[in-house]
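Scroll down for the structure; my scribbles are underneath it.
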Amino acid sequence: MKRLVVLLFGLLALSACETQIERPTYAELTFTHKEPIYLDVARIDIVKAYQPTSAAPHVEMEFPVSPLDTAARWAQDRLKAVGTSGTATVTITEASAVETELAQEGGLTGAFTTEQSERYDGTLAMAVEVFDPNGSNGNTFAEVKRSITVPEDASLNDRERTWYSLTEKLARDLDKRMSENIRNHLSLFVRPGS
């Protein structure tokens, strides 16, 4: 009986020493800190035409913050309807992330080197179309791409940080490109204050 008690205390002590790996939480990427782009339309519709997939080599569904939701959030935060007629339709045509395994150095050199093992290629693409009942229509499109790699010894937390960073950079690029394109190609519908 005494041995059983000692064994139980030993097991409890061992389980108390077990380290829990905490997974970080990631903030949703927003654009409310940027000045809105005011469009002379009565309504703005956001269409998520892209359907994320978990089929290899796609990994966008594993990202801690969804690239598709981030693109939709851009349209929600940056574009504001201030008109009395007409519609702007924002269509997200791509919000993908693809994993590619990278070739590894073999032999002695490979054994003593931490190499990059995977590359992640992200793409965000979006179209904005404006329909005015008076006959003035317009459209523009933007596509941005980024790539990032991870070392072979990257933990799940490291990968998630990398994926979050990739989404953040894609969102920043999309914001810049689409803002420019709207001002250049849809200037007829852009109102002062933007």
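Naming scheme: A, B, ... for chains in displayed order of the structure tokens; residues 1 onward per chain; ligands 1 onward as shown.
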task: Name all residues at most 10 Å from Thr89 (chain A) (count only C-alpha atoms; drop same-chain ones fewer than 2 positions away) and give them as an NGL selection string.
output: :A and (43-47 or 75 or 87 or 91-92 or 127-131 or 139)
Write the selection just made, keeping all heavy atoms, as an mmCIF file, in the first residue's frame?
```cif
data_model
loop_
_atom_site.group_PDB
_atom_site.id
_atom_site.type_symbol
_atom_site.label_atom_id
_atom_site.label_comp_id
_atom_site.auth_asym_id
_atom_site.auth_seq_id
_atom_site.Cartn_x
_atom_site.Cartn_y
_atom_site.Cartn_z
ATOM 1 N N ARG A 43 -25.872 51.392 -52.211
ATOM 2 C CA ARG A 43 -25.624 50.108 -51.538
ATOM 3 C C ARG A 43 -24.316 49.499 -52.027
ATOM 4 O O ARG A 43 -23.953 49.646 -53.193
ATOM 5 C CB ARG A 43 -26.793 49.161 -51.855
ATOM 6 C CG ARG A 43 -26.799 47.907 -51.037
ATOM 7 C CD ARG A 43 -28.023 47.033 -51.320
ATOM 8 N NE ARG A 43 -27.773 46.215 -52.506
ATOM 9 C CZ ARG A 43 -28.552 46.192 -53.580
ATOM 10 N NH1 ARG A 43 -29.626 46.939 -53.653
ATOM 11 N NH2 ARG A 43 -28.260 45.409 -54.593
ATOM 12 N N ILE A 44 -23.642 48.793 -51.114
ATOM 13 C CA ILE A 44 -22.424 48.050 -51.466
ATOM 14 C C ILE A 44 -22.646 46.596 -51.080
ATOM 15 O O ILE A 44 -22.932 46.283 -49.923
ATOM 16 C CB ILE A 44 -21.183 48.617 -50.751
ATOM 17 C CG1 ILE A 44 -20.944 50.064 -51.179
ATOM 18 C CG2 ILE A 44 -19.954 47.743 -51.037
ATOM 19 C CD1 ILE A 44 -19.861 50.787 -50.396
ATOM 20 N N ASP A 45 -22.553 45.703 -52.060
ATOM 21 C CA ASP A 45 -22.697 44.271 -51.827
ATOM 22 C C ASP A 45 -21.319 43.616 -51.870
ATOM 23 O O ASP A 45 -20.500 43.946 -52.744
ATOM 24 C CB ASP A 45 -23.586 43.621 -52.897
ATOM 25 C CG ASP A 45 -25.007 44.153 -52.855
ATOM 26 O OD1 ASP A 45 -25.501 44.448 -51.745
ATOM 27 O OD2 ASP A 45 -25.618 44.271 -53.933
ATOM 28 N N ILE A 46 -21.085 42.694 -50.954
ATOM 29 C CA ILE A 46 -19.815 41.957 -50.916
ATOM 30 C C ILE A 46 -20.107 40.494 -51.235
ATOM 31 O O ILE A 46 -20.914 39.855 -50.565
ATOM 32 C CB ILE A 46 -19.138 42.092 -49.542
ATOM 33 C CG1 ILE A 46 -18.873 43.561 -49.217
ATOM 34 C CG2 ILE A 46 -17.847 41.285 -49.493
ATOM 35 C CD1 ILE A 46 -18.440 43.831 -47.794
ATOM 36 N N VAL A 47 -19.455 39.988 -52.278
ATOM 37 C CA VAL A 47 -19.671 38.615 -52.734
ATOM 38 C C VAL A 47 -18.381 37.824 -52.550
ATOM 39 O O VAL A 47 -17.345 38.176 -53.119
ATOM 40 C CB VAL A 47 -20.091 38.587 -54.228
ATOM 41 C CG1 VAL A 47 -20.282 37.152 -54.706
ATOM 42 C CG2 VAL A 47 -21.347 39.414 -54.450
ATOM 43 N N ALA A 75 -13.373 45.455 -47.688
ATOM 44 C CA ALA A 75 -14.482 46.107 -48.380
ATOM 45 C C ALA A 75 -15.460 46.729 -47.384
ATOM 46 O O ALA A 75 -15.942 47.847 -47.587
ATOM 47 C CB ALA A 75 -15.200 45.098 -49.277
ATOM 48 N N THR A 87 -25.474 50.742 -57.244
ATOM 49 C CA THR A 87 -24.920 49.666 -56.418
ATOM 50 C C THR A 87 -23.464 49.437 -56.777
ATOM 51 O O THR A 87 -23.104 49.463 -57.956
ATOM 52 C CB THR A 87 -25.691 48.347 -56.661
ATOM 53 O OG1 THR A 87 -27.069 48.563 -56.415
ATOM 54 C CG2 THR A 87 -25.190 47.245 -55.755
ATOM 55 N N THR A 91 -16.477 41.757 -55.488
ATOM 56 C CA THR A 91 -16.417 40.308 -55.647
ATOM 57 C C THR A 91 -15.001 39.834 -55.346
ATOM 58 O O THR A 91 -14.054 40.236 -56.019
ATOM 59 C CB THR A 91 -16.815 39.892 -57.080
ATOM 60 O OG1 THR A 91 -18.108 40.440 -57.376
ATOM 61 C CG2 THR A 91 -16.860 38.378 -57.209
ATOM 62 N N ILE A 92 -14.889 38.985 -54.321
ATOM 63 C CA ILE A 92 -13.579 38.418 -53.970
ATOM 64 C C ILE A 92 -13.417 37.151 -54.810
ATOM 65 O O ILE A 92 -14.119 36.167 -54.617
ATOM 66 C CB ILE A 92 -13.486 38.109 -52.473
ATOM 67 C CG1 ILE A 92 -13.749 39.386 -51.668
ATOM 68 C CG2 ILE A 92 -12.126 37.513 -52.124
ATOM 69 C CD1 ILE A 92 -14.146 39.147 -50.236
ATOM 70 N N ALA A 127 -12.623 42.291 -57.433
ATOM 71 C CA ALA A 127 -13.168 43.198 -58.451
ATOM 72 C C ALA A 127 -14.206 44.088 -57.793
ATOM 73 O O ALA A 127 -14.925 43.657 -56.891
ATOM 74 C CB ALA A 127 -13.805 42.401 -59.582
ATOM 75 N N VAL A 128 -14.276 45.342 -58.249
ATOM 76 C CA VAL A 128 -15.316 46.267 -57.799
ATOM 77 C C VAL A 128 -16.028 46.763 -59.048
ATOM 78 O O VAL A 128 -15.397 47.301 -59.961
ATOM 79 C CB VAL A 128 -14.735 47.458 -56.997
ATOM 80 C CG1 VAL A 128 -15.850 48.432 -56.623
ATOM 81 C CG2 VAL A 128 -14.006 46.983 -55.760
ATOM 82 N N GLU A 129 -17.359 46.563 -59.081
ATOM 83 C CA GLU A 129 -18.172 47.019 -60.208
ATOM 84 C C GLU A 129 -19.236 47.967 -59.674
ATOM 85 O O GLU A 129 -19.867 47.678 -58.659
ATOM 86 C CB GLU A 129 -18.852 45.839 -60.894
ATOM 87 C CG GLU A 129 -17.872 44.848 -61.502
ATOM 88 C CD GLU A 129 -18.592 43.621 -62.034
ATOM 89 O OE1 GLU A 129 -18.902 42.725 -61.227
ATOM 90 O OE2 GLU A 129 -18.844 43.592 -63.262
ATOM 91 N N VAL A 130 -19.425 49.070 -60.383
ATOM 92 C CA VAL A 130 -20.432 50.048 -59.990
ATOM 93 C C VAL A 130 -21.499 50.110 -61.088
ATOM 94 O O VAL A 130 -21.171 50.232 -62.271
ATOM 95 C CB VAL A 130 -19.809 51.443 -59.762
ATOM 96 C CG1 VAL A 130 -20.890 52.449 -59.403
ATOM 97 C CG2 VAL A 130 -18.753 51.384 -58.666
ATOM 98 N N PHE A 131 -22.754 49.988 -60.670
ATOM 99 C CA PHE A 131 -23.890 50.048 -61.594
ATOM 100 C C PHE A 131 -24.779 51.210 -61.188
ATOM 101 O O PHE A 131 -25.281 51.254 -60.077
ATOM 102 C CB PHE A 131 -24.697 48.741 -61.531
ATOM 103 C CG PHE A 131 -23.875 47.514 -61.808
ATOM 104 C CD1 PHE A 131 -23.375 46.759 -60.749
ATOM 105 C CD2 PHE A 131 -23.589 47.126 -63.104
ATOM 106 C CE1 PHE A 131 -22.607 45.640 -60.994
ATOM 107 C CE2 PHE A 131 -22.816 45.998 -63.359
ATOM 108 C CZ PHE A 131 -22.321 45.251 -62.303
ATOM 109 N N ASN A 139 -15.767 49.677 -63.511
ATOM 110 C CA ASN A 139 -15.225 48.534 -62.771
ATOM 111 C C ASN A 139 -13.716 48.637 -62.665
ATOM 112 O O ASN A 139 -13.068 49.336 -63.444
ATOM 113 C CB ASN A 139 -15.633 47.211 -63.420
ATOM 114 C CG ASN A 139 -15.063 47.066 -64.815
ATOM 115 O OD1 ASN A 139 -13.885 46.826 -64.987
ATOM 116 N ND2 ASN A 139 -15.907 47.245 -65.831
#
```
At a cut-off of 7 Å, using only C-alpha atoms, what residues contact region 94-104 of chain A? Leave out same-chain residues fewer than 4 positions from it and give the result as a ChimeraX atom specification. /A:50,52,57-60,67-68,115-125
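Contact shell of Lys169 (chain A) at 10 Å (only C-alpha atoms; same-chain neighbours under 6 positions omitted): Gly122, Val144, Lys145, Arg146, Ser147, Trp163 and Asp175 of chain A.
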Go ahead and dump the residues you just picked, N, CA and C atoms, as a short mmCIF file (atom, residue, chain, number, x, y, z; two decimals), in the first residue's frame.
```
data_model
loop_
_atom_site.label_atom_id
_atom_site.label_comp_id
_atom_site.auth_asym_id
_atom_site.auth_seq_id
_atom_site.Cartn_x
_atom_site.Cartn_y
_atom_site.Cartn_z
N GLY A 122 0.56 33.13 -51.26
CA GLY A 122 -0.78 33.66 -51.02
C GLY A 122 -1.21 34.59 -52.13
N VAL A 144 -3.08 40.70 -55.74
CA VAL A 144 -1.78 40.81 -55.08
C VAL A 144 -1.32 39.41 -54.69
N LYS A 145 0.00 39.23 -54.73
CA LYS A 145 0.59 37.94 -54.40
C LYS A 145 1.78 38.16 -53.47
N ARG A 146 1.99 37.22 -52.58
CA ARG A 146 3.13 37.23 -51.67
C ARG A 146 3.56 35.79 -51.42
N SER A 147 4.85 35.61 -51.12
CA SER A 147 5.38 34.30 -50.75
C SER A 147 6.20 34.44 -49.49
N TRP A 163 1.86 32.42 -41.19
CA TRP A 163 0.63 32.55 -41.98
C TRP A 163 -0.08 33.86 -41.67
N ASP A 175 -5.00 46.62 -49.96
CA ASP A 175 -5.51 47.94 -49.59
C ASP A 175 -4.88 49.03 -50.48
#
```
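Rounded to one decimal, CA of Gly135 (chain A) and CA of Arg78 (chain A) lie 24.9 Å from each other.
Those residues that approach Val41 (chain A) to within 7 Å, counting only C-alpha atoms, are Ala81, Val82, Gly83, Thr84, Ser85, Gly86, Thr87 and Ala88 of chain A; same-chain residues fewer than 6 positions away are not listed.
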Export N, CA, C and O atoms of the chosen residues as a CSV table (one decimal), in the first residue's frame?
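Produced file out.csv, reproduced below:
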```csv
chain,number,residue,atom,x,y,z
A,81,ALA,N,-21.1,53.6,-48.8
A,81,ALA,CA,-22.1,54.1,-49.7
A,81,ALA,C,-22.6,55.4,-49.2
A,81,ALA,O,-23.1,55.5,-48.1
A,82,VAL,N,-22.6,56.5,-50.0
A,82,VAL,CA,-23.1,57.8,-49.6
A,82,VAL,C,-24.0,58.4,-50.6
A,82,VAL,O,-24.4,59.5,-50.5
A,83,GLY,N,-24.4,57.6,-51.6
A,83,GLY,CA,-25.3,58.1,-52.7
A,83,GLY,C,-26.8,57.7,-52.4
A,83,GLY,O,-27.1,57.1,-51.4
A,84,THR,N,-27.6,58.1,-53.4
A,84,THR,CA,-29.0,57.8,-53.3
A,84,THR,C,-29.5,56.7,-54.3
A,84,THR,O,-30.6,56.2,-54.2
A,85,SER,N,-28.6,56.4,-55.2
A,85,SER,CA,-29.0,55.3,-56.2
A,85,SER,C,-27.7,54.6,-56.6
A,85,SER,O,-26.6,55.1,-56.4
A,86,GLY,N,-27.9,53.5,-57.2
A,86,GLY,CA,-26.8,52.7,-57.7
A,86,GLY,C,-26.3,51.7,-56.7
A,86,GLY,O,-26.5,51.8,-55.5
A,87,THR,N,-25.5,50.7,-57.2
A,87,THR,CA,-24.9,49.7,-56.4
A,87,THR,C,-23.5,49.4,-56.8
A,87,THR,O,-23.1,49.5,-58.0
A,88,ALA,N,-22.7,49.2,-55.8
A,88,ALA,CA,-21.3,48.7,-56.0
A,88,ALA,C,-21.2,47.3,-55.5
A,88,ALA,O,-21.7,47.0,-54.4
```
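Pairwise distance (CA of Leu166 (chain A), CA of Ile148 (chain A)) equals 6.9 Å.
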Would you write out, as CSV, a table of all residues in region 9-94 of chain A that have an atom no more than 9 Å from an atom of region 149-159 of chain A, listing for each the closest atom pair and the distance in Å to one decimal, considering only C-alpha atoms and ordering rows by chain and rising residue number?
```
residue,atom,partner,partner_atom,distance
A:Glu22,CA,A:Asn157,CA,8.7
A:Arg23,CA,A:Asn157,CA,6.5
A:Pro24,CA,A:Asn157,CA,7.4
A:Phe63,CA,A:Arg159,CA,8.9
```
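Note that the spacing between CA of Ala71 (chain A) and CA of Ser165 (chain A) amounts to 14.7 Å.
Within region 21-79 of chain A, DSSP applied to the backbone places the following residues in alpha helix (DSSP H): A:Pro67, A:Leu68, A:Asp69, A:Thr70, A:Ala71, A:Ala72, A:Arg73, A:Trp74, A:Ala75, A:Gln76, A:Asp77, A:Arg78.
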Selection: 8 Å around region 190-194 of chain A, only C-alpha atoms, excl. self and same-chain fewer than 2 positions, as a PyMOL selection string
chain A and resi 35-40+182-183+186-188
Output of the above residues as a PDB file, in the first residue's frame, restricted to all heavy atoms:
```pdb
ATOM      1  N   GLU A  35      -8.921  56.025 -43.630  1.00  0.00           N
ATOM      2  CA  GLU A  35     -10.076  56.843 -44.019  1.00  0.00           C
ATOM      3  C   GLU A  35     -10.895  56.099 -45.070  1.00  0.00           C
ATOM      4  O   GLU A  35     -10.343  55.526 -46.009  1.00  0.00           O
ATOM      5  CB  GLU A  35      -9.623  58.189 -44.580  1.00  0.00           C
ATOM      6  CG  GLU A  35     -10.798  59.076 -44.891  1.00  0.00           C
ATOM      7  CD  GLU A  35     -10.409  60.533 -45.049  1.00  0.00           C
ATOM      8  OE1 GLU A  35      -9.268  60.889 -44.746  1.00  0.00           O
ATOM      9  OE2 GLU A  35     -11.271  61.293 -45.485  1.00  0.00           O
ATOM     10  N   PRO A  36     -12.218  56.089 -44.926  1.00  0.00           N
ATOM     11  CA  PRO A  36     -13.052  55.380 -45.900  1.00  0.00           C
ATOM     12  C   PRO A  36     -12.973  55.993 -47.292  1.00  0.00           C
ATOM     13  O   PRO A  36     -12.656  57.172 -47.449  1.00  0.00           O
ATOM     14  CB  PRO A  36     -14.474  55.525 -45.336  1.00  0.00           C
ATOM     15  CG  PRO A  36     -14.299  55.923 -43.915  1.00  0.00           C
ATOM     16  CD  PRO A  36     -12.994  56.664 -43.833  1.00  0.00           C
ATOM     17  N   ILE A  37     -13.306  55.188 -48.275  1.00  0.00           N
ATOM     18  CA  ILE A  37     -13.481  55.654 -49.648  1.00  0.00           C
ATOM     19  C   ILE A  37     -14.990  55.760 -49.842  1.00  0.00           C
ATOM     20  O   ILE A  37     -15.713  54.769 -49.765  1.00  0.00           O
ATOM     21  CB  ILE A  37     -12.869  54.661 -50.660  1.00  0.00           C
ATOM     22  CG1 ILE A  37     -11.358  54.517 -50.415  1.00  0.00           C
ATOM     23  CG2 ILE A  37     -13.154  55.109 -52.091  1.00  0.00           C
ATOM     24  CD1 ILE A  37     -10.707  53.388 -51.189  1.00  0.00           C
ATOM     25  N   TYR A  38     -15.477  56.982 -50.054  1.00  0.00           N
ATOM     26  CA  TYR A  38     -16.911  57.234 -50.166  1.00  0.00           C
ATOM     27  C   TYR A  38     -17.338  57.085 -51.625  1.00  0.00           C
ATOM     28  O   TYR A  38     -16.817  57.777 -52.508  1.00  0.00           O
ATOM     29  CB  TYR A  38     -17.244  58.633 -49.657  1.00  0.00           C
ATOM     30  CG  TYR A  38     -16.898  58.814 -48.200  1.00  0.00           C
ATOM     31  CD1 TYR A  38     -15.739  59.494 -47.818  1.00  0.00           C
ATOM     32  CD2 TYR A  38     -17.715  58.291 -47.204  1.00  0.00           C
ATOM     33  CE1 TYR A  38     -15.410  59.649 -46.484  1.00  0.00           C
ATOM     34  CE2 TYR A  38     -17.397  58.438 -45.863  1.00  0.00           C
ATOM     35  CZ  TYR A  38     -16.241  59.121 -45.514  1.00  0.00           C
ATOM     36  OH  TYR A  38     -15.916  59.257 -44.185  1.00  0.00           O
ATOM     37  N   LEU A  39     -18.274  56.169 -51.855  1.00  0.00           N
ATOM     38  CA  LEU A  39     -18.761  55.918 -53.207  1.00  0.00           C
ATOM     39  C   LEU A  39     -20.178  56.455 -53.368  1.00  0.00           C
ATOM     40  O   LEU A  39     -21.020  56.306 -52.468  1.00  0.00           O
ATOM     41  CB  LEU A  39     -18.741  54.417 -53.512  1.00  0.00           C
ATOM     42  CG  LEU A  39     -17.374  53.739 -53.533  1.00  0.00           C
ATOM     43  CD1 LEU A  39     -17.528  52.243 -53.783  1.00  0.00           C
ATOM     44  CD2 LEU A  39     -16.453  54.371 -54.574  1.00  0.00           C
ATOM     45  N   ASP A  40     -20.433  57.062 -54.522  1.00  0.00           N
ATOM     46  CA  ASP A  40     -21.742  57.635 -54.818  1.00  0.00           C
ATOM     47  C   ASP A  40     -22.688  56.522 -55.291  1.00  0.00           C
ATOM     48  O   ASP A  40     -23.095  56.463 -56.452  1.00  0.00           O
ATOM     49  CB  ASP A  40     -21.599  58.718 -55.889  1.00  0.00           C
ATOM     50  CG  ASP A  40     -22.901  59.480 -56.111  1.00  0.00           C
ATOM     51  OD1 ASP A  40     -23.829  59.339 -55.283  1.00  0.00           O
ATOM     52  OD2 ASP A  40     -22.988  60.197 -57.116  1.00  0.00           O
ATOM     53  N   ILE A 182      -9.378  52.170 -57.493  1.00  0.00           N
ATOM     54  CA  ILE A 182     -10.696  52.807 -57.376  1.00  0.00           C
ATOM     55  C   ILE A 182     -10.582  54.289 -57.717  1.00  0.00           C
ATOM     56  O   ILE A 182     -11.398  54.831 -58.461  1.00  0.00           O
ATOM     57  CB  ILE A 182     -11.287  52.592 -55.970  1.00  0.00           C
ATOM     58  CG1 ILE A 182     -11.729  51.130 -55.821  1.00  0.00           C
ATOM     59  CG2 ILE A 182     -12.451  53.541 -55.717  1.00  0.00           C
ATOM     60  CD1 ILE A 182     -12.148  50.742 -54.420  1.00  0.00           C
ATOM     61  N   ARG A 183      -9.573  54.956 -57.194  1.00  0.00           N
ATOM     62  CA  ARG A 183      -9.413  56.391 -57.475  1.00  0.00           C
ATOM     63  C   ARG A 183      -9.081  56.654 -58.945  1.00  0.00           C
ATOM     64  O   ARG A 183      -9.477  57.670 -59.499  1.00  0.00           O
ATOM     65  CB  ARG A 183      -8.352  56.976 -56.553  1.00  0.00           C
ATOM     66  CG  ARG A 183      -8.859  57.080 -55.118  1.00  0.00           C
ATOM     67  CD  ARG A 183      -7.927  57.845 -54.206  1.00  0.00           C
ATOM     68  NE  ARG A 183      -8.515  57.954 -52.887  1.00  0.00           N
ATOM     69  CZ  ARG A 183      -8.255  57.132 -51.878  1.00  0.00           C
ATOM     70  NH1 ARG A 183      -7.406  56.134 -52.035  1.00  0.00           N
ATOM     71  NH2 ARG A 183      -8.833  57.304 -50.711  1.00  0.00           N
ATOM     72  N   LEU A 186     -12.463  54.462 -61.041  1.00  0.00           N
ATOM     73  CA  LEU A 186     -13.848  54.728 -60.629  1.00  0.00           C
ATOM     74  C   LEU A 186     -13.990  56.130 -60.062  1.00  0.00           C
ATOM     75  O   LEU A 186     -14.836  56.398 -59.212  1.00  0.00           O
ATOM     76  CB  LEU A 186     -14.303  53.692 -59.584  1.00  0.00           C
ATOM     77  CG  LEU A 186     -14.348  52.230 -60.053  1.00  0.00           C
ATOM     78  CD1 LEU A 186     -14.664  51.314 -58.883  1.00  0.00           C
ATOM     79  CD2 LEU A 186     -15.342  52.046 -61.182  1.00  0.00           C
ATOM     80  N   SER A 187     -13.159  57.041 -60.536  1.00  0.00           N
ATOM     81  CA  SER A 187     -13.131  58.404 -59.989  1.00  0.00           C
ATOM     82  C   SER A 187     -14.477  59.113 -60.129  1.00  0.00           C
ATOM     83  O   SER A 187     -14.829  59.963 -59.324  1.00  0.00           O
ATOM     84  CB  SER A 187     -12.029  59.231 -60.659  1.00  0.00           C
ATOM     85  OG  SER A 187     -12.241  59.283 -62.048  1.00  0.00           O
ATOM     86  N   LEU A 188     -15.247  58.730 -61.134  1.00  0.00           N
ATOM     87  CA  LEU A 188     -16.570  59.318 -61.355  1.00  0.00           C
ATOM     88  C   LEU A 188     -17.497  59.058 -60.151  1.00  0.00           C
ATOM     89  O   LEU A 188     -18.404  59.826 -59.889  1.00  0.00           O
ATOM     90  CB  LEU A 188     -17.186  58.708 -62.625  1.00  0.00           C
ATOM     91  CG  LEU A 188     -18.544  59.231 -63.083  1.00  0.00           C
ATOM     92  CD1 LEU A 188     -18.438  60.713 -63.485  1.00  0.00           C
ATOM     93  CD2 LEU A 188     -19.048  58.415 -64.269  1.00  0.00           C
TER      94      LEU A 188
END
```
message: Could you pull out the strand (DSSP E or B) residues of region 72-170 of chain A, going by DSSP on the backbone, and write them as a PyMOL selection string?
response: chain A and resi 79-81+87-101+116-131+138-151
